[in-house]
Amino acid sequence: MLLINCPYCGEREQEEFSCGGEAHIERPKNPPELSDDQWADYLFLRQNIKGLQFERWNHSFGCRQWFNVARNTATDEILAVYHMGEKPPKLESNDPITPCGEPKIGSGNFSTSKK
Amino acid sequence: MIKKPKKYSVFSLVRNALSYHENWQPAWRNPEIKKNYDAIIVGGGGHGLTTAYYLAKNHGIKNIAVVEKGWIGGGNTGRNTTIIRSNYLWDQSAALYEHALKLWEGMSQELNYNVMFSQRGVMNVAHNLHDVRELKRRWNANRLNDIDCEWLNTEQVKKFCPVINTSPNIRYPVLGATLQRRAGTARHDAVAWGYARGADAMGVDIIQNCEVTGINVNNGNVTGIETTKGTINSKKIGVVSAGHTSVIAKMAGIKLPLESRPLQALVSEPVKPIIDTVVMSNTIHAYVSQSDKGELVIGAGTDGYNSYTQRGGFNIVEDTIMAIVELFPIFSRMKMLRHWGGIVDICPDASPIISKTHINGLYFNCGWGTGGFKATPGSGWVFAHTIANDQPHALNAPFSINRFSSGELVDEHGAAAVAH
């Protein structure tokens with residue numbers, strides 16, 4: 001289970017949160033002009049990254065605020081938490097050496113700042 | 001030359017017993033990798049192996065490589081809860097899963113390999129009025145599709161599975177259930193091993209510990225793959241890599257509507273036979289059966305976020321165990337022995353993608369999410385057809401990737417039997 005540092009409430013257990021999926025997907029500015037493929041891309045297609053992923057979380061059983069999290073999906077390390085509307089931070093993540101490979105450390109919510 | 005493997009029979013068992021079982025031969029070869037193949041299957045799980053098997057058997061394409069990152073039977077094929085059924089709601093899925101169920105029924109004979117397919121029935125339990133209505137709708141849909149299904153009331157449920165708690169005073173009382181008697185379980189490793197052996201006997205090269213690192217595309221045509229053991233060329237590549245499909249697709253610049261999540265399962269200490277069917281409940285999210293070794297096999301849910309870590313949150317296990325204990329108070333003091341996770345690739349409509357892509361010769365079979373094991377033979381059957389003919393089989397035509405643009409989704413969230 002993850003320990004998530006809500007920017008409003010501090011560290012709480014993941015059970016209090018719900019994940020809103022990939023972050024920084026912008027709603028199309030010109031909906032009537034979009035082709036079916038462009039709609040599919042906006043609605044359904046996802047990067048589903050193995051490695052550093054930016055995603056949205058909601059503190060649904062707490063302050064009910066949305067915020068962004070940068071997490072390494074290969075290790076479950078949470079690398080940064082930042083507000084909605086902010087640009088994703090530039091981060092070094094411990095990605096697997098090969099695309100499908102496994103990282104050196106297993107899963108676990110280790111904070112890189114406490115190294 | 002490929003040496004035909006010896007047929008397994010009672011005589012071979014006796015013959016090998018006389019030599020203290022020291023002379024059994026490996027079930028498949030450990031071949032040298034060739035430079036060129038007629039087809040490459042990426043992923044040596046159940047679906048990949050059946051694809052290679054039926055390409056060789058039904059379509060005469062025998063110069064095939066199955067490339068597997070780990071070892072055969074080490075991925076989701078060896079991690080699932082082995083439930084097999086075909087009681088899906090929509091016509092498209094019902095046809096696909098029923099085709100698979102029919103193949104399961106003859107599998108051990110066809111492969112000369114005992115996959116321990118046991119048609120012990122699968123019961124889907126209803127706990128409230130909404131469940132009753134939904135399950136009765138599914139029951140009727142199944143009957144219209146010629147799929148066996150029955151409705152059981154509370155007393156009949158108790159009679160069919162005596163250990164279930166049918167007291168009206170529990171939080172989610174048992175109000176009835178659907179029962180598919182032809183459904184059941186099978187030994188999952190044996191399915192992978194049996195198809196690996198069968199495919200190998202027809203000349204398919206099974207290459208283990210070989211990870212794909214790139215897909216080579218030239219002018220919109222696929223030309224081969226890069227692996228940790230070098231380049232392998234082929235004009236047809238079928239990707240069947242479950243949780244890692246998005247990672248492989250990215251190598252060819254393709255984005256898919258998939259999200260990879262950990263799905264957990266656990267087994268208890270072995271006990272004497274206590275439950276002789278499979279019980280599933282969507283509302284309280286529990287499913288349980290008993291393996292031939294005597295262990296209770298319990299499936300938990302997926303985590304609510306993407307991850308490739310092959311282990312999920314403890315809260316998910318806790319929720320499942322709470323539900324199991326309410327439904328089966330007799331299990332409350334059982335100890336759990338092992339617990340693991342697998343990475344499943346989930347589609348927005350909870351149906352698979354078995355499809356061509358805009359790159360010639362590159363095919364995807366993915367998105368089986370939390371319920372791919374039951375479809376293993378059927379999935380390989382239709383995917384082999386798609387690869388061999390460069391067009392989908394009638395059964396997998398509705399499962400094209402184009403459905404996300406056309407909007408013709410096959411929404412099977414309800415029929416996934418448990419909500420994930």
# chains A, B, ... in the order shown; residues from 1 in each chain; ligands from 1

call {"tool": "select_by_dssp", "arguments": {"residues": "chain A", "states": "strand (DSSP E or B)", "output": "PyMOL selection string"}}
result
chain A and resi 3-6+10-13+18-22+46+52-58+66-72+77-82

call {"tool": "closest_atom_pairs", "arguments": {"of": "segment 310-345 of chain B", "to": "segment 14-20 of chain A", "cutoff": "12 Å", "atoms": "only C-alpha atoms", "output": "Markdown table"}}
result
| residue | atom | partner | partner_atom | distance |
| --- | --- | --- | --- | --- |
| B:Gly312 | CA | A:Gln14 | CA | 11.8 |
| B:Gly313 | CA | A:Gln14 | CA | 8.9 |
| B:Phe314 | CA | A:Glu15 | CA | 10.0 |
| B:Asn315 | CA | A:Glu15 | CA | 7.4 |
| B:Ile316 | CA | A:Glu15 | CA | 9.5 |
| B:Glu318 | CA | A:Glu15 | CA | 11.7 |
| B:Asp319 | CA | A:Glu15 | CA | 11.4 |

call {"tool": "residues_around", "arguments": {"residues": "segment 50-55 of chain A", "least_positions_apart": "2", "cutoff": "9 Å", "atoms": "only C-alpha atoms", "output": "PDB file with C-alpha atoms, in the first residue's frame"}}
result
ATOM      1  CA  CYS A  19      -6.355   7.570  -8.506  1.00  0.00           C
ATOM      2  CA  GLY A  20      -7.610   9.654 -11.432  1.00  0.00           C
ATOM      3  CA  GLY A  21      -5.227   8.179 -14.001  1.00  0.00           C
ATOM      4  CA  GLU A  22      -2.765   9.821 -16.359  1.00  0.00           C
ATOM      5  CA  ALA A  23      -2.267  13.540 -15.738  1.00  0.00           C
ATOM      6  CA  HIS A  24      -1.842  16.425 -18.209  1.00  0.00           C
ATOM      7  CA  GLN A  47       0.611   5.908 -22.277  1.00  0.00           C
ATOM      8  CA  ASN A  48       0.525   3.263 -19.507  1.00  0.00           C
ATOM      9  CA  TRP A  57      -4.993  11.660  -7.359  1.00  0.00           C
ATOM     10  CA  PHE A  67      -3.435  17.023  -7.021  1.00  0.00           C
ATOM     11  CA  ASN A  68      -0.709  15.476  -9.177  1.00  0.00           C
ATOM     12  CA  VAL A  69       1.753  12.740  -8.258  1.00  0.00           C
ATOM     13  CA  ALA A  70       4.919  11.640 -10.037  1.00  0.00           C
ATOM     14  CA  ARG A  71       5.355   7.922  -9.447  1.00  0.00           C
ATOM     15  CA  ASN A  72       7.639   5.244 -10.848  1.00  0.00           C
ATOM     16  CA  THR A  73       5.221   2.489 -11.875  1.00  0.00           C
ATOM     17  CA  ALA A  74       8.063  -0.048 -12.039  1.00  0.00           C
ATOM     18  CA  THR A  75       8.837   0.365  -8.332  1.00  0.00           C
ATOM     19  CA  ASP A  76       5.836   2.291  -6.923  1.00  0.00           C
ATOM     20  CA  LEU A  79       8.949  10.923  -6.535  1.00  0.00           C
ATOM     21  CA  PRO A  88       5.382  18.295 -14.226  1.00  0.00           C
ATOM     22  CA  LEU A  91      12.879  14.134 -12.294  1.00  0.00           C
ATOM     23  CA  GLU A  92      15.382  11.325 -12.520  1.00  0.00           C
ATOM     24  CA  SER A  93      13.618   8.011 -12.019  1.00  0.00           C
ATOM     25  CA  ASN A  94      15.159   4.630 -11.424  1.00  0.00           C
ATOM     26  CA  ASP A  95      13.779   3.151 -14.672  1.00  0.00           C
ATOM     27  CA  PRO A  96      14.426  -0.481 -15.594  1.00  0.00           C
ATOM     28  CA  PRO A  99      11.900  -1.567 -21.424  1.00  0.00           C
ATOM     29  CA  CYS A 100      10.278  -4.751 -20.075  1.00  0.00           C
TER      30      CYS A 100
ATOM     31  CA  HIS B 244       3.525  -5.392 -20.738  1.00  0.00           C
ATOM     32  CA  SER B 246       1.758  -1.077 -23.784  1.00  0.00           C
ATOM     33  CA  VAL B 247       5.540  -1.250 -23.346  1.00  0.00           C
ATOM     34  CA  SER B 307       1.663  -0.415 -11.572  1.00  0.00           C
ATOM     35  CA  TYR B 308       4.093  -3.005 -12.956  1.00  0.00           C
TER      36      TYR B 308
END

call {"tool": "interface_residues", "arguments": {"of": "chain B", "to": "chain A", "cutoff": "9 Å", "atoms": "only C-alpha atoms", "output": "PDB file with C-alpha atoms, in the first residue's frame"}}
result
ATOM      1  CA  LYS B  69      11.061 -12.870 -21.356  1.00  0.00           C
ATOM      2  CA  GLU B 211      13.384 -10.225 -23.818  1.00  0.00           C
ATOM      3  CA  VAL B 212      12.144  -8.091 -26.696  1.00  0.00           C
ATOM      4  CA  THR B 213      13.800  -4.659 -26.720  1.00  0.00           C
ATOM      5  CA  GLY B 214      12.602  -3.271 -30.038  1.00  0.00           C
ATOM      6  CA  HIS B 244       3.525  -5.392 -20.738  1.00  0.00           C
ATOM      7  CA  SER B 246       1.758  -1.077 -23.784  1.00  0.00           C
ATOM      8  CA  VAL B 247       5.540  -1.250 -23.346  1.00  0.00           C
ATOM      9  CA  ILE B 248       5.931  -3.423 -26.466  1.00  0.00           C
ATOM     10  CA  LYS B 250       5.468   1.821 -27.599  1.00  0.00           C
ATOM     11  CA  MET B 251       8.458   0.244 -29.387  1.00  0.00           C
ATOM     12  CA  LYS B 255      -0.608   3.842 -28.163  1.00  0.00           C
ATOM     13  CA  LEU B 256      -3.255   1.463 -26.811  1.00  0.00           C
ATOM     14  CA  PRO B 257      -6.297   1.952 -24.567  1.00  0.00           C
ATOM     15  CA  LEU B 258      -4.769  -0.198 -21.836  1.00  0.00           C
ATOM     16  CA  GLU B 259      -3.948   0.304 -18.186  1.00  0.00           C
ATOM     17  CA  SER B 260      -1.715  -2.208 -16.386  1.00  0.00           C
ATOM     18  CA  GLY B 304      -6.952   1.354  -8.210  1.00  0.00           C
ATOM     19  CA  TYR B 305      -3.800   2.651  -9.908  1.00  0.00           C
ATOM     20  CA  ASN B 306      -1.362   1.562 -12.642  1.00  0.00           C
ATOM     21  CA  SER B 307       1.663  -0.415 -11.572  1.00  0.00           C
ATOM     22  CA  TYR B 308       4.093  -3.005 -12.956  1.00  0.00           C
ATOM     23  CA  THR B 309       5.359  -4.187  -9.573  1.00  0.00           C
ATOM     24  CA  GLN B 310       3.625  -7.598  -9.490  1.00  0.00           C
ATOM     25  CA  ARG B 311       2.391  -6.974  -5.979  1.00  0.00           C
ATOM     26  CA  GLY B 312      -0.691  -5.097  -4.872  1.00  0.00           C
ATOM     27  CA  GLY B 313      -1.950  -3.280  -1.827  1.00  0.00           C
ATOM     28  CA  PHE B 314      -2.701  -5.164   1.361  1.00  0.00           C
ATOM     29  CA  ASN B 315      -6.057  -3.406   1.722  1.00  0.00           C
ATOM     30  CA  CYS B 347      -9.372  -2.167 -21.500  1.00  0.00           C
ATOM     31  CA  PRO B 348     -11.899   0.626 -20.906  1.00  0.00           C
ATOM     32  CA  ASN B 402     -10.969   0.286 -34.217  1.00  0.00           C
ATOM     33  CA  PHE B 404     -12.472   2.697 -29.708  1.00  0.00           C
ATOM     34  CA  SER B 405     -12.809   5.087 -32.657  1.00  0.00           C
ATOM     35  CA  SER B 406     -16.136   3.763 -33.931  1.00  0.00           C
ATOM     36  CA  GLY B 407     -17.637   3.655 -30.446  1.00  0.00           C
TER      37      GLY B 407
END

call {"tool": "select_by_dssp", "arguments": {"residues": "segment 33-72 of chain A", "states": "helix (DSSP H, G or I)", "output": "PyMOL selection string"}}
result
chain A and resi 33+36-43

call {"tool": "write_last_selection", "arguments": {"atoms": "C-alpha atoms", "output": "PDB file, in the first residue's frame"}}
result
ATOM      1  CA  GLU A  33     -13.740  19.595 -35.378  1.00  0.00           C
ATOM      2  CA  ASP A  36     -13.198   9.850 -34.372  1.00  0.00           C
ATOM      3  CA  ASP A  37      -9.553   8.855 -34.011  1.00  0.00           C
ATOM      4  CA  GLN A  38      -8.742  12.065 -32.174  1.00  0.00           C
ATOM      5  CA  TRP A  39     -11.659  11.467 -29.813  1.00  0.00           C
ATOM      6  CA  ALA A  40     -10.460   7.902 -29.219  1.00  0.00           C
ATOM      7  CA  ASP A  41      -7.027   9.264 -28.399  1.00  0.00           C
ATOM      8  CA  TYR A  42      -8.442  11.736 -25.870  1.00  0.00           C
ATOM      9  CA  LEU A  43     -10.977   9.363 -24.300  1.00  0.00           C
TER      10      LEU A  43
END

call {"tool": "atom_distance", "arguments": {"atom1": "atom CA of Asn360 of chain B", "atom2": "atom CA of Asp345 of chain B"}}
result
23.5 Å

call {"tool": "residues_around", "arguments": {"residues": "Pro392 of chain B", "least_positions_apart": "6", "cutoff": "12 Å", "atoms": "only C-alpha atoms", "output": "list in words"}}
result
Ile353, Ile354, Ser355, Lys356, Thr357, Tyr363, Phe364, Asn365, Ser379, Trp381, Val382, Phe383, Ala384, His385, Thr386, Pro398, Phe399, Ser400 and Ile401 of chain B

call {"tool": "atom_distance", "arguments": {"atom1": "atom CA of His188 of chain B", "atom2": "atom CA of Ala375 of chain B"}}
result
12.1 Å
